[in-house]
file work26.cif (mmCIF, C-alpha atoms and all ligand atoms)
data_start
#
loop_
_atom_site.label_atom_id
_atom_site.label_comp_id
_atom_site.auth_asym_id
_atom_site.auth_seq_id
_atom_site.Cartn_x
_atom_site.Cartn_y
_atom_site.Cartn_z
CA MET Y 1 165.01 106.83 132.13
CA ASN Y 2 161.38 107.51 131.31
CA ILE Y 3 159.75 109.13 134.30
CA HIS Y 4 155.99 109.35 133.88
CA LYS Y 5 155.01 111.54 136.77
CA GLY Y 6 152.93 114.71 137.00
CA MET Y 7 150.32 113.75 134.46
CA SER Y 8 148.22 110.73 133.58
CA ARG Y 9 146.48 109.76 130.38
CA TYR Y 10 144.88 106.82 132.18
CA SER Y 11 141.38 106.36 133.52
CA ASP Y 12 140.75 106.66 137.25
CA GLY Y 13 141.81 103.48 139.00
CA ALA Y 14 143.47 102.19 135.83
CA ASP Y 15 146.89 103.81 136.01
CA GLN Y 16 150.01 102.02 137.22
CA GLU Y 17 153.23 103.29 138.72
CA VAL Y 18 156.34 102.84 136.63
CA ARG Y 19 159.96 103.08 137.75
CA GLY Y 20 161.35 104.70 134.62
CA ASP Y 21 163.66 101.81 133.63
CA THR Y 22 165.82 102.48 130.58
CA ILE Y 23 164.43 100.57 127.61
CA THR Y 24 167.73 99.28 126.37
CA PRO Y 25 168.14 98.47 122.66
CA GLU Y 26 169.91 95.15 123.40
CA ARG Y 27 166.61 93.57 124.34
CA TYR Y 28 165.63 93.66 120.68
CA THR Y 29 168.92 92.42 119.29
CA SER Y 30 170.90 90.27 121.71
CA GLN Y 31 171.03 86.50 121.83
CA GLU Y 32 171.57 86.68 125.56
CA PHE Y 33 168.33 88.58 126.19
CA MET Y 34 166.45 86.17 123.94
CA GLU Y 35 167.78 83.22 125.93
CA ALA Y 36 166.73 84.91 129.16
CA GLU Y 37 163.21 85.29 127.76
CA ASN Y 38 163.24 81.62 126.77
CA GLU Y 39 164.26 80.68 130.28
CA LYS Y 40 162.30 83.09 132.42
CA LEU Y 41 159.39 84.56 130.50
CA TRP Y 42 157.82 82.16 128.02
CA PRO Y 43 157.59 79.11 130.32
CA LYS Y 44 155.59 81.17 132.83
CA VAL Y 45 152.80 82.70 130.75
CA TRP Y 46 149.55 81.53 129.17
CA HIS Y 47 149.74 81.13 125.39
CA LEU Y 48 146.80 81.19 123.01
CA GLY Y 49 147.13 77.84 121.25
CA GLY Y 50 144.11 77.64 118.96
CA VAL Y 51 140.34 77.60 118.69
CA LEU Y 52 137.95 74.91 119.87
CA ALA Y 53 136.36 74.70 116.42
CA ASP Y 54 139.43 72.73 115.26
CA LEU Y 55 138.71 69.97 117.81
CA GLU Y 56 135.51 68.16 116.88
CA GLU Y 57 136.24 64.47 117.57
CA THR Y 58 138.16 62.67 120.30
CA GLY Y 59 141.79 62.57 119.19
CA ASP Y 60 141.61 65.73 117.08
CA TYR Y 61 144.65 67.88 117.71
CA ILE Y 62 146.13 71.32 117.09
CA ARG Y 63 149.87 71.81 116.99
CA HIS Y 64 151.35 75.11 118.08
CA ASN Y 65 155.02 75.63 117.35
CA PHE Y 66 156.37 78.28 119.66
CA GLY Y 67 160.04 79.30 119.47
CA ARG Y 68 162.01 76.09 119.96
CA GLU Y 69 159.03 74.34 121.58
CA SER Y 70 156.09 72.58 120.01
CA ILE Y 71 152.84 71.92 121.86
CA ILE Y 72 149.87 69.75 120.92
CA MET Y 73 146.34 70.28 122.23
CA VAL Y 74 144.25 67.12 122.00
CA LYS Y 75 140.49 66.59 122.37
CA GLN Y 76 139.62 64.05 125.09
CA SER Y 77 136.77 61.55 125.15
CA ASP Y 78 134.98 63.64 127.83
CA GLY Y 79 135.09 66.73 125.61
CA SER Y 80 137.89 68.45 127.51
CA VAL Y 81 141.26 69.36 125.99
CA LYS Y 82 144.70 68.33 127.20
CA ALA Y 83 148.01 69.83 126.11
CA PHE Y 84 151.34 68.03 125.81
CA PHE Y 85 154.86 68.83 124.73
CA ASN Y 86 155.03 67.53 121.17
CA VAL Y 87 157.86 65.12 121.83
CA CYS Y 88 158.15 61.35 122.00
CA PRO Y 89 159.35 60.12 125.41
CA HIS Y 90 161.23 57.25 123.75
CA ARG Y 91 164.10 59.15 122.15
CA GLY Y 92 162.82 62.64 121.64
CA ASN Y 93 161.40 62.65 118.14
CA ARG Y 94 158.82 65.36 117.47
CA LEU Y 95 155.50 63.52 117.26
CA VAL Y 96 152.99 65.59 115.32
CA LEU Y 97 154.16 67.41 112.21
CA GLY Y 98 150.93 68.97 110.87
CA ASP Y 99 149.10 72.07 112.16
CA VAL Y 100 145.75 70.30 112.71
CA GLY Y 101 144.61 66.72 112.41
CA GLY Y 102 143.00 63.81 114.18
CA ALA Y 103 143.66 60.17 114.94
CA ASP Y 104 142.59 57.53 117.46
CA ARG Y 105 146.21 57.37 118.57
CA ILE Y 106 149.18 59.69 118.34
CA SER Y 107 151.96 57.73 116.66
CA CYS Y 108 155.66 58.39 116.54
CA ALA Y 109 157.14 58.00 113.08
CA TYR Y 110 160.52 56.78 114.38
CA HIS Y 111 159.91 53.43 116.17
CA GLY Y 112 156.15 53.42 116.11
CA TRP Y 113 155.25 54.09 119.75
CA GLN Y 114 151.56 54.95 120.07
CA PHE Y 115 149.71 57.08 122.62
CA ASP Y 116 146.05 57.43 123.50
CA PRO Y 117 144.57 60.95 123.30
CA ASP Y 118 145.09 61.26 127.08
CA GLY Y 119 148.85 60.84 126.51
CA THR Y 120 149.19 57.26 127.81
CA LEU Y 121 151.58 55.01 125.92
CA VAL Y 122 149.51 52.07 124.62
CA HIS Y 123 151.65 50.34 122.03
CA VAL Y 124 155.36 49.66 121.55
CA GLN Y 125 157.33 47.28 119.39
CA ASP Y 126 158.97 44.49 121.44
CA PRO Y 127 157.26 45.34 124.76
CA ASP Y 128 159.21 42.62 126.64
CA ASP Y 129 162.58 44.05 125.67
CA PHE Y 130 162.71 46.82 128.31
CA PRO Y 131 164.67 46.44 131.58
CA ASN Y 132 161.75 47.74 133.65
CA GLY Y 133 159.15 45.70 131.82
CA ASN Y 134 156.57 46.74 129.26
CA PRO Y 135 156.40 50.59 129.32
CA CYS Y 136 152.78 50.66 128.07
CA GLY Y 137 150.38 52.18 130.59
CA LYS Y 138 153.31 53.57 132.61
CA VAL Y 139 154.89 56.09 130.25
CA LYS Y 140 152.96 59.23 129.34
CA LEU Y 141 153.44 62.25 127.15
CA SER Y 142 154.66 65.24 129.10
CA GLU Y 143 151.47 67.12 129.95
CA ILE Y 144 151.14 70.87 130.56
CA ARG Y 145 148.28 73.11 131.70
CA CYS Y 146 145.48 73.65 129.22
CA GLU Y 147 142.35 75.77 129.76
CA THR Y 148 139.77 77.45 127.58
CA TRP Y 149 138.07 80.82 127.44
CA GLY Y 150 135.22 81.44 124.96
CA PRO Y 151 136.25 79.92 121.61
CA PHE Y 152 139.96 79.90 122.56
CA ILE Y 153 142.34 77.23 123.90
CA PHE Y 154 145.35 78.31 125.97
CA TRP Y 155 148.34 76.37 127.31
CA ASN Y 156 150.94 77.13 129.96
CA MET Y 157 154.18 75.29 130.76
CA ASP Y 158 154.05 76.47 134.38
CA LYS Y 159 152.20 74.00 136.58
CA ASP Y 160 151.82 76.69 139.26
CA ALA Y 161 150.43 79.41 137.00
CA ALA Y 162 147.23 81.19 138.04
CA PRO Y 163 144.09 79.75 136.39
CA LEU Y 164 143.54 81.18 132.91
CA LEU Y 165 140.52 83.33 133.78
CA GLU Y 166 142.37 84.86 136.68
CA TRP Y 167 145.36 85.51 134.44
CA LEU Y 168 143.20 87.19 131.79
CA ALA Y 169 141.41 89.45 134.29
CA PRO Y 170 139.70 91.83 133.93
CA LEU Y 171 139.28 91.28 130.19
CA PRO Y 172 136.88 88.29 130.14
CA ASP Y 173 134.54 90.46 132.18
CA LYS Y 174 134.93 93.49 129.97
CA LEU Y 175 134.44 91.41 126.82
CA LYS Y 176 131.54 89.25 127.94
CA GLU Y 177 128.78 91.31 126.29
CA TYR Y 178 130.22 90.61 122.85
CA GLY Y 179 129.22 86.95 123.32
CA LEU Y 180 132.41 85.55 121.77
CA ASP Y 181 131.65 81.88 122.54
CA ASN Y 182 130.18 80.99 119.16
CA TRP Y 183 132.19 83.37 116.97
CA VAL Y 184 133.78 81.86 113.90
CA ARG Y 185 137.46 82.20 113.02
CA ALA Y 186 137.19 83.01 109.33
CA PHE Y 187 140.88 83.57 108.73
CA ALA Y 188 144.20 82.67 110.30
CA LEU Y 189 147.21 84.35 108.71
CA SER Y 190 150.83 84.27 109.75
CA CYS Y 191 154.17 85.39 108.41
CA ASP Y 192 157.88 85.32 109.17
CA CYS Y 193 159.24 88.77 109.95
CA GLU Y 194 162.69 90.33 110.16
CA PHE Y 195 162.38 91.99 113.53
CA ASN Y 196 162.18 91.18 117.21
CA TRP Y 197 158.76 90.14 118.55
CA LYS Y 198 158.65 93.11 120.96
CA LEU Y 199 158.61 95.77 118.25
CA ILE Y 200 155.03 94.94 117.39
CA ARG Y 201 154.17 94.70 121.10
CA ASP Y 202 155.43 98.24 121.57
CA ASN Y 203 153.51 99.35 118.52
CA PHE Y 204 150.25 97.88 119.83
CA ASN Y 205 150.84 99.51 123.21
CA GLU Y 206 150.44 103.01 121.77
CA SER Y 207 148.20 104.91 119.37
CA TYR Y 208 150.77 107.66 118.79
CA HIS Y 209 151.55 106.13 115.38
CA LEU Y 210 148.00 106.26 114.01
CA PRO Y 211 148.17 109.62 112.19
CA THR Y 212 151.41 108.68 110.43
CA ILE Y 213 151.19 104.92 109.85
CA HIS Y 214 147.42 104.56 109.45
CA PRO Y 215 146.21 107.93 108.07
CA GLU Y 216 143.11 106.26 106.57
CA LEU Y 217 141.78 105.36 110.02
CA SER Y 218 141.35 109.05 110.88
CA THR Y 219 138.02 109.21 109.09
CA PHE Y 220 136.24 106.63 111.22
CA ILE Y 221 138.29 106.15 114.41
CA ASN Y 222 138.84 109.07 116.74
CA ASP Y 223 142.40 108.88 118.04
CA GLY Y 224 142.23 112.25 119.80
CA LEU Y 225 143.97 111.84 123.16
CA SER Y 226 141.26 113.34 125.30
CA ASP Y 227 138.64 111.15 123.60
CA THR Y 228 140.53 107.89 124.20
CA GLU Y 229 140.23 105.86 127.40
CA PHE Y 230 143.55 104.27 128.31
CA ALA Y 231 143.84 101.67 131.06
CA MET Y 232 146.56 99.56 132.64
CA TYR Y 233 145.49 96.70 134.89
CA ASP Y 234 147.18 95.00 137.84
CA SER Y 235 147.43 91.80 135.77
CA GLY Y 236 149.86 93.48 133.37
CA HIS Y 237 147.30 93.75 130.57
CA ASN Y 238 146.38 97.12 129.04
CA SER Y 239 143.51 98.48 127.03
CA MET Y 240 142.41 101.44 125.01
CA TRP Y 241 138.86 102.43 124.07
CA MET Y 242 138.86 104.46 120.89
CA LYS Y 243 135.68 106.12 119.73
CA GLY Y 244 134.52 104.60 116.47
CA HIS Y 245 132.05 105.93 113.90
CA GLN Y 246 133.62 109.29 114.58
CA ALA Y 247 136.48 111.05 112.76
CA THR Y 248 139.62 112.08 114.58
CA THR Y 249 139.48 115.31 116.54
CA ARG Y 250 143.10 115.93 115.50
CA GLN Y 251 141.70 117.32 112.24
CA HIS Y 252 138.75 119.51 111.32
CA PHE Y 253 135.99 117.91 109.30
CA GLU Y 254 133.04 119.98 108.13
CA ALA Y 255 131.06 117.00 106.84
CA VAL Y 256 130.98 113.31 107.70
CA PRO Y 257 133.98 111.91 105.80
CA THR Y 258 134.10 108.81 103.61
CA PRO Y 259 133.81 105.89 104.39
CA LEU Y 260 131.91 106.81 107.56
CA ASP Y 261 129.19 108.40 105.40
CA ASP Y 262 128.61 105.06 103.66
CA VAL Y 263 128.53 103.21 106.97
CA ALA Y 264 125.93 105.71 108.22
CA ARG Y 265 123.78 105.18 105.14
CA SER Y 266 124.00 101.41 105.65
CA TRP Y 267 122.29 102.03 109.00
CA ASP Y 268 119.70 104.34 107.43
CA VAL Y 269 121.33 107.45 108.88
CA ASP Y 270 121.65 110.42 106.49
CA PRO Y 271 125.21 111.80 106.75
CA GLU Y 272 124.18 115.11 105.12
CA ALA Y 273 122.09 115.88 108.18
CA TYR Y 274 125.34 116.07 110.18
CA ASN Y 275 127.10 118.71 108.11
CA GLY Y 276 128.78 121.11 110.49
CA ARG Y 277 128.59 118.61 113.39
CA PRO Y 278 129.94 115.38 111.88
CA ASN Y 279 131.04 113.84 115.17
CA GLU Y 280 127.46 113.70 116.43
CA ILE Y 281 126.74 110.96 113.91
CA ARG Y 282 128.18 108.39 116.34
CA GLU Y 283 125.14 108.80 118.62
CA ALA Y 284 122.77 108.42 115.68
CA ILE Y 285 124.48 105.21 114.62
CA ILE Y 286 124.20 103.81 118.16
CA ALA Y 287 120.44 104.42 118.03
CA ALA Y 288 120.17 102.93 114.55
CA LYS Y 289 122.13 99.82 115.48
CA ARG Y 290 119.97 99.29 118.53
CA LYS Y 291 116.84 99.61 116.43
CA LEU Y 292 117.85 97.73 113.29
CA GLY Y 293 120.63 95.37 114.44
CA PRO Y 294 118.58 92.50 115.91
CA GLY Y 295 116.33 92.42 112.81
CA ARG Y 296 119.46 92.12 110.67
CA GLY Y 297 120.64 89.08 112.61
CA TYR Y 298 122.99 90.76 115.09
CA SER Y 299 121.61 88.97 118.11
CA ASN Y 300 124.63 90.00 120.19
CA TYR Y 301 123.79 93.75 120.00
CA ASP Y 302 121.13 93.48 122.71
CA GLN Y 303 123.66 92.78 125.47
CA MET Y 304 126.13 95.46 124.45
CA THR Y 305 126.73 98.87 125.94
CA ASP Y 306 126.55 101.92 123.65
CA GLN Y 307 130.32 102.07 123.72
CA GLN Y 308 130.61 98.44 122.61
CA LEU Y 309 128.14 99.01 119.77
CA VAL Y 310 130.26 101.56 117.95
CA ASP Y 311 133.73 101.86 119.47
CA TYR Y 312 136.97 99.87 119.24
CA PHE Y 313 138.28 98.10 122.32
CA HIS Y 314 141.95 97.40 121.84
CA CYS Y 315 143.41 95.08 124.49
CA THR Y 316 147.13 94.37 124.74
CA LEU Y 317 147.65 91.38 126.99
CA TRP Y 318 150.87 90.63 128.76
CA PRO Y 319 153.12 89.61 127.19
CA ASN Y 320 152.33 89.09 123.51
CA LEU Y 321 148.63 88.91 122.66
CA THR Y 322 146.39 91.64 121.26
CA ILE Y 323 142.62 91.43 121.00
CA THR Y 324 140.87 94.23 119.12
CA MET Y 325 137.11 94.18 119.42
CA SER Y 326 134.26 95.72 117.57
CA PRO Y 327 130.72 94.32 117.75
CA GLU Y 328 131.21 92.63 114.38
CA GLN Y 329 134.85 91.55 114.54
CA CYS Y 330 137.37 90.09 116.99
CA GLN Y 331 140.95 90.48 115.81
CA ILE Y 332 143.75 88.45 117.34
CA LEU Y 333 147.18 89.89 116.64
CA ARG Y 334 150.43 88.71 118.09
CA THR Y 335 154.10 88.10 117.58
CA GLU Y 336 156.03 85.07 118.75
CA PRO Y 337 159.81 84.67 118.95
CA HIS Y 338 161.90 82.94 116.32
CA PRO Y 339 163.48 79.70 117.62
CA THR Y 340 167.03 81.10 117.52
CA ASP Y 341 167.28 84.60 116.02
CA PRO Y 342 166.36 87.65 118.15
CA ALA Y 343 166.01 89.75 114.99
CA LYS Y 344 163.16 87.61 113.67
CA CYS Y 345 159.65 86.68 114.77
CA VAL Y 346 156.39 85.18 113.60
CA PHE Y 347 153.39 87.46 113.29
CA GLN Y 348 149.87 86.04 113.47
CA HIS Y 349 146.55 87.60 112.61
CA TRP Y 350 143.23 85.83 113.13
CA CYS Y 351 139.76 87.30 112.73
CA LEU Y 352 136.59 85.93 114.28
CA TYR Y 353 133.06 86.96 113.35
CA PRO Y 354 129.71 86.47 115.04
CA PRO Y 355 127.36 84.07 113.30
CA VAL Y 356 124.65 86.18 111.67
CA GLU Y 357 121.60 84.43 110.30
CA GLY Y 358 121.53 84.52 106.53
CA MET Y 359 125.11 85.84 106.23
CA GLU Y 360 127.34 83.65 104.09
CA VAL Y 361 130.07 86.15 103.28
CA VAL Y 362 131.72 88.60 105.66
CA GLN Y 363 132.26 91.82 103.79
CA GLY Y 364 135.13 94.19 104.31
CA THR Y 365 137.39 91.99 106.43
CA PRO Y 366 141.04 93.09 106.62
CA ILE Y 367 141.67 90.78 103.62
CA GLY Y 368 138.46 91.55 101.71
CA ASP Y 369 135.19 89.65 101.45
CA ILE Y 370 135.50 86.03 102.62
CA PRO Y 371 133.07 83.19 103.44
CA LEU Y 372 131.72 83.22 107.00
CA GLU Y 373 133.03 79.76 107.83
CA HIS Y 374 135.71 78.27 110.03
CA ASP Y 375 139.17 78.92 108.57
CA ALA Y 376 137.94 80.03 105.17
CA VAL Y 377 141.44 81.44 104.63
CA VAL Y 378 144.57 80.00 106.30
CA ARG Y 379 148.02 80.93 105.04
CA HIS Y 380 151.61 81.48 106.05
CA SER Y 381 153.95 83.79 104.17
CA THR Y 382 157.16 85.76 104.46
CA TYR Y 383 156.61 89.43 105.20
CA GLY Y 384 157.54 91.50 102.19
CA ASP Y 385 156.67 88.91 99.55
CA GLY Y 386 153.49 90.75 98.65
CA ILE Y 387 150.99 88.58 100.55
CA SER Y 388 148.77 90.76 102.73
CA LEU Y 389 148.41 90.15 106.44
CA GLY Y 390 145.47 92.55 106.46
CA PHE Y 391 145.50 96.16 105.35
CA VAL Y 392 146.17 97.81 108.72
CA ALA Y 393 148.47 95.01 109.91
CA ASP Y 394 150.57 95.47 106.76
CA GLN Y 395 151.05 99.10 107.75
CA ASP Y 396 152.13 98.13 111.28
CA LEU Y 397 154.52 95.50 109.97
CA SER Y 398 156.00 97.94 107.47
CA ILE Y 399 157.89 99.77 110.21
CA GLY Y 400 159.31 96.67 111.92
CA THR Y 401 162.26 95.95 109.65
CA SER Y 402 163.57 99.52 109.55
CA GLN Y 403 163.12 99.91 113.30
CA GLN Y 404 165.07 96.69 113.89
CA GLN Y 405 167.86 98.06 111.69
CA GLY Y 406 167.85 101.36 113.59
CA LEU Y 407 168.07 99.63 116.95
CA ASN Y 408 171.41 98.15 115.91
CA SER Y 409 172.93 101.63 115.72
CA ARG Y 410 175.55 102.76 118.23
CA GLY Y 411 173.78 106.11 118.04
CA PHE Y 412 170.57 104.85 119.68
CA HIS Y 413 170.63 104.86 123.46
CA GLY Y 414 167.11 103.86 124.52
CA SER Y 415 163.52 105.01 123.92
CA ILE Y 416 162.14 108.42 124.93
CA LEU Y 417 158.45 107.95 125.68
CA SER Y 418 155.50 110.36 125.80
CA TYR Y 419 152.82 110.08 128.50
CA GLN Y 420 150.51 108.28 126.08
CA GLU Y 421 153.23 105.65 125.54
CA LYS Y 422 153.37 104.73 129.20
CA ARG Y 423 151.98 101.28 128.42
CA ILE Y 424 155.25 100.57 126.59
CA GLN Y 425 157.18 101.56 129.70
CA ARG Y 426 155.07 99.25 131.86
CA PHE Y 427 155.47 96.38 129.41
CA HIS Y 428 159.26 96.67 129.56
CA GLU Y 429 159.30 96.94 133.32
CA LEU Y 430 157.26 93.74 133.59
CA LEU Y 431 159.73 92.19 131.17
CA ASN Y 432 162.66 93.45 133.25
CA ASP Y 433 161.01 91.96 136.34
CA ALA Y 434 160.74 88.61 134.55
CA VAL Y 435 164.23 88.63 133.06
CA TYR Y 436 166.33 90.60 135.61
CA GLY Y 437 164.12 90.45 138.69
CA GLY Y 438 163.94 94.29 138.65
CA PRO Y 439 165.46 97.22 136.75
CA PRO Y 440 168.03 96.43 134.05
CA PRO Y 441 171.71 96.32 135.06
CA CYS Y 442 172.46 99.71 133.43
CA ASP Y 443 170.00 101.43 135.83
CA ARG Y 444 171.52 99.75 138.88
CA GLU Y 445 175.09 100.80 138.31
CA GLY Y 446 174.27 104.33 139.45
S1 LIG K 1 161.56 58.28 119.26
FE1 LIG K 1 159.44 57.92 119.16
S2 LIG K 1 159.24 55.80 119.03
FE2 LIG K 1 161.37 56.11 119.15
FE FE K 2 148.99 100.24 114.17
#
call {"tool": "encode", "arguments": {"input": "work26.cif", "output": "structure tokens"}}
result
Amino acid sequence: MNIHKGMSRYSDGADQEVRGDTITPERYTSQEFMEAENEKLWPKVWHLGGVLADLEETGDYIRHNFGRESIIMVKQSDGSVKAFFNVCPHRGNRLVLGDVGGADRISCAYHGWQFDPDGTLVHVQDPDDFPNGNPCGKVKLSEIRCETWGPFIFWNMDKDAAPLLEWLAPLPDKLKEYGLDNWVRAFALSCDCEFNWKLIRDNFNESYHLPTIHPELSTFINDGLSDTEFAMYDSGHNSMWMKGHQATTRQHFEAVPTPLDDVARSWDVDPEAYNGRPNEIREAIIAAKRKLGPGRGYSNYDQMTDQQLVDYFHCTLWPNLTITMSPEQCQILRTEPHPTDPAKCVFQHWCLYPPVEGMEVVQGTPIGDIPLEHDAVVRHSTYGDGISLGFVADQDLSIGTSQQQGLNSRGFHGSILSYQEKRIQRFHELLNDAVYGGPPPCDREG
């Protein structure tokens, strides 16, 4: 049991009660738990399916393979987007086999049935040979909910799910000043991993691992506990504001460390002037960004709060989506389950950037300098084969395989969580609610 009582690391009004459910290791390893998730969790939640920039013309589509399912999102003639299960109603062949594409009609490769972009069957071979008459106009692709937020398209298999914006609350509100609508997805990376999807969820629900797994971040992100604003929302989503342009208060720095000194100089702030008080440079950079940002093409700075201008807003959405914001970068990070193996998952990392007049290359992205254009880099790899998923993401992924191996041990009996890891506890209790309808069986047996 993990009882989190007596102390809170969470902001006023943004803490949540937890029961203290045991976080059992089986949830990361057992086929049975994976099947329960397939049955009771995944069909009930909103999934980020793609970005609107991939859908220019009527009939353009994005395919999203998710576990054993495959979904297509298709642009309609009125500009809206519909989502369908990617399966032919004739005899169940998967319809679309590419990640993105476009056609006037969606055609099945097996017997040639054809569907309009709105999912209506419009052509079959031998239309008079069906006992109930020609199926055209009567048969449709199996449609599911599809809604958009900013540049993103989401789908949901649950017809009764809350509308997307309600589901995402309060994050669309908290993110609105960034002006995400016209941001450009410059890369979309993914890889197959040898661990359960929840290991990375747990990892993103805490910052306890920063000093050990990401030591380099300590020089420009302050992960000191009392400086970080943690929040858990009623919707099941969590967030964490970490002060940026400030070194960690876990260590003593006499001068502004590298690379923060270079960042300061890029905003015409002299780091030497902050010797002996390096953390005060954050305020100076806020002022400099306010003054110089709009002239440098950052038209979105004007709407932002001081906090948004320099800090990192890390949002972990229930159940499997992470959005990490800075004024110049929106990172999407998530894991999705393998179709059949609980000890595997797919990790995805996208980065979006605001359009900045005159900027053709985004410098210093997690995979280096890349063109500021839609999907300048798209790739899928196997984790461990030497292809980077982004510098910091590589570090996070590095722990997944050995943790998965450890969780198989008879000697591990369930996680022991600190106060700052309470978001992990909440995540698993929401999961237990979805899968068991309450605490796990081992906590009910008394
Ligand atoms: S299964 Fe698609 S046309 Fe027959
Ligand atoms: Fe991390």
call {"tool": "closest_residue", "arguments": {"input": "work26.cif", "among": "Y:Ser266, Y:Asn93, Y:Thr322, Y:Gln76", "to": "ligand FE 2 (chain K)", "atoms": "only C-alpha atoms and all ligand atoms"}}
result
Y:Thr322
call {"tool": "residues_around", "arguments": {"input": "work26.cif", "residues": "Glu336 (chain Y)", "least_positions_apart": "4", "cutoff": "8 Å", "atoms": "only C-alpha atoms", "output": "PDB file with C-alpha atoms, in the frame of the given file"}}
result
ATOM      1  CA  PHE Y  66     156.370  78.280 119.660  1.00  0.00           C
ATOM      2  CA  GLY Y  67     160.040  79.300 119.470  1.00  0.00           C
ATOM      3  CA  TRP Y 197     158.760  90.140 118.550  1.00  0.00           C
ATOM      4  CA  ASN Y 320     152.330  89.090 123.510  1.00  0.00           C
ATOM      5  CA  CYS Y 345     159.650  86.680 114.770  1.00  0.00           C
ATOM      6  CA  VAL Y 346     156.390  85.180 113.600  1.00  0.00           C
ATOM      7  CA  PHE Y 347     153.390  87.460 113.290  1.00  0.00           C
TER       8      PHE Y 347
END
call {"tool": "residues_around", "arguments": {"input": "work26.cif", "residues": "region 279-296 of chain Y", "least_positions_apart": "6", "cutoff": "12 Å", "atoms": "only C-alpha atoms", "output": "VMD selection string"}}
result
chain Y and resid 219 to 222 227 243 to 249 251 to 257 260 to 273 302 to 311 327 to 328 355 to 359
call {"tool": "closest_residue", "arguments": {"input": "work26.cif", "among": "Y:Ala103, Y:Cys330, Y:Val392, Y:Ile416", "to": "ligand FE 2 (chain K)", "atoms": "all atoms listed in the file"}}
result
Y:Val392
call {"tool": "residues_around", "arguments": {"input": "work26.cif", "residues": "region 367-384 of chain Y", "least_positions_apart": "4", "cutoff": "6 Å", "atoms": "all atoms listed in the file", "output": "count of residues only"}}
result
15
call {"tool": "axis_aligned_box", "arguments": {"input": "work26.cif", "around": "ligand LIG 1 (chain K)", "padding_each_side": "4 Å", "output": "lines of an AutoDock Vina configuration file"}}
result
center_x = 160.4
center_y = 57.0
center_z = 119.1
size_x = 10.3
size_y = 10.5
size_z = 8.2
call {"tool": "closest_residue", "arguments": {"input": "work26.cif", "among": "Y:Arg201, Y:Ser8, Y:Phe152, Y:Glu229", "to": "Leu431 (chain Y)", "atoms": "only C-alpha atoms"}}
result
Y:Arg201
call {"tool": "atom_distance", "arguments": {"input": "work26.cif", "atom1": "CA of Val122 (chain Y)", "atom2": "CA of Cys136 (chain Y)"}}
result
5.0 Å
call {"tool": "residues_near_ligand", "arguments": {"input": "work26.cif", "ligand": "ligand FE 2 (chain K)", "cutoff": "12 Å", "atoms": "only C-alpha atoms and all ligand atoms", "output": "count of residues only"}}
result
35
call {"tool": "residues_near_ligand", "arguments": {"input": "work26.cif", "ligand": "ligand LIG 1 (chain K)", "cutoff": "12 Å", "atoms": "all atoms listed in the file", "output": "list in words"}}
result
Asn86, Val87, Cys88, Pro89, His90, Arg91, Gly92, Asn93, Arg94, Leu95, Val96, Ile106, Ser107, Cys108, Ala109, Tyr110, His111, Gly112, Trp113, Gln114, Phe115, Leu121, Val122, His123, Val124, Gln125, Asp126, Pro135 and Leu141 of chain Y
call {"tool": "atom_distance", "arguments": {"input": "work26.cif", "atom1": "CA of Ser418 (chain Y)", "atom2": "CA of Leu168 (chain Y)"}}
result
26.9 Å
call {"tool": "closest_residue", "arguments": {"input": "work26.cif", "among": "Y:Thr24, Y:Asn196, Y:Ser142, Y:Ser235", "to": "Leu430 (chain Y)", "atoms": "only C-alpha atoms"}}
result
Y:Ser235
call {"tool": "decode", "arguments": {"input": "work26.cif", "residues": "region 42-54 of chain Y", "atoms": "C-alpha atoms", "output": "PDB file, in the first residue's frame"}}
result
ATOM      1  CA  TRP Y  42      -8.568   1.530 -24.515  1.00  0.00           C
ATOM      2  CA  PRO Y  43     -12.078   1.500 -26.048  1.00  0.00           C
ATOM      3  CA  LYS Y  44     -13.153   4.219 -23.593  1.00  0.00           C
ATOM      4  CA  VAL Y  45     -10.502   6.914 -23.981  1.00  0.00           C
ATOM      5  CA  TRP Y  46      -9.621   9.595 -26.519  1.00  0.00           C
ATOM      6  CA  HIS Y  47      -6.554   8.771 -28.613  1.00  0.00           C
ATOM      7  CA  LEU Y  48      -4.377  11.282 -30.427  1.00  0.00           C
ATOM      8  CA  GLY Y  49      -4.546  10.046 -34.008  1.00  0.00           C
ATOM      9  CA  GLY Y  50      -2.573  12.592 -36.009  1.00  0.00           C
ATOM     10  CA  VAL Y  51      -2.241  16.198 -37.094  1.00  0.00           C
ATOM     11  CA  LEU Y  52      -4.536  18.169 -39.378  1.00  0.00           C
ATOM     12  CA  ALA Y  53      -1.601  19.158 -41.602  1.00  0.00           C
ATOM     13  CA  ASP Y  54      -1.684  15.626 -43.062  1.00  0.00           C
TER      14      ASP Y  54
END
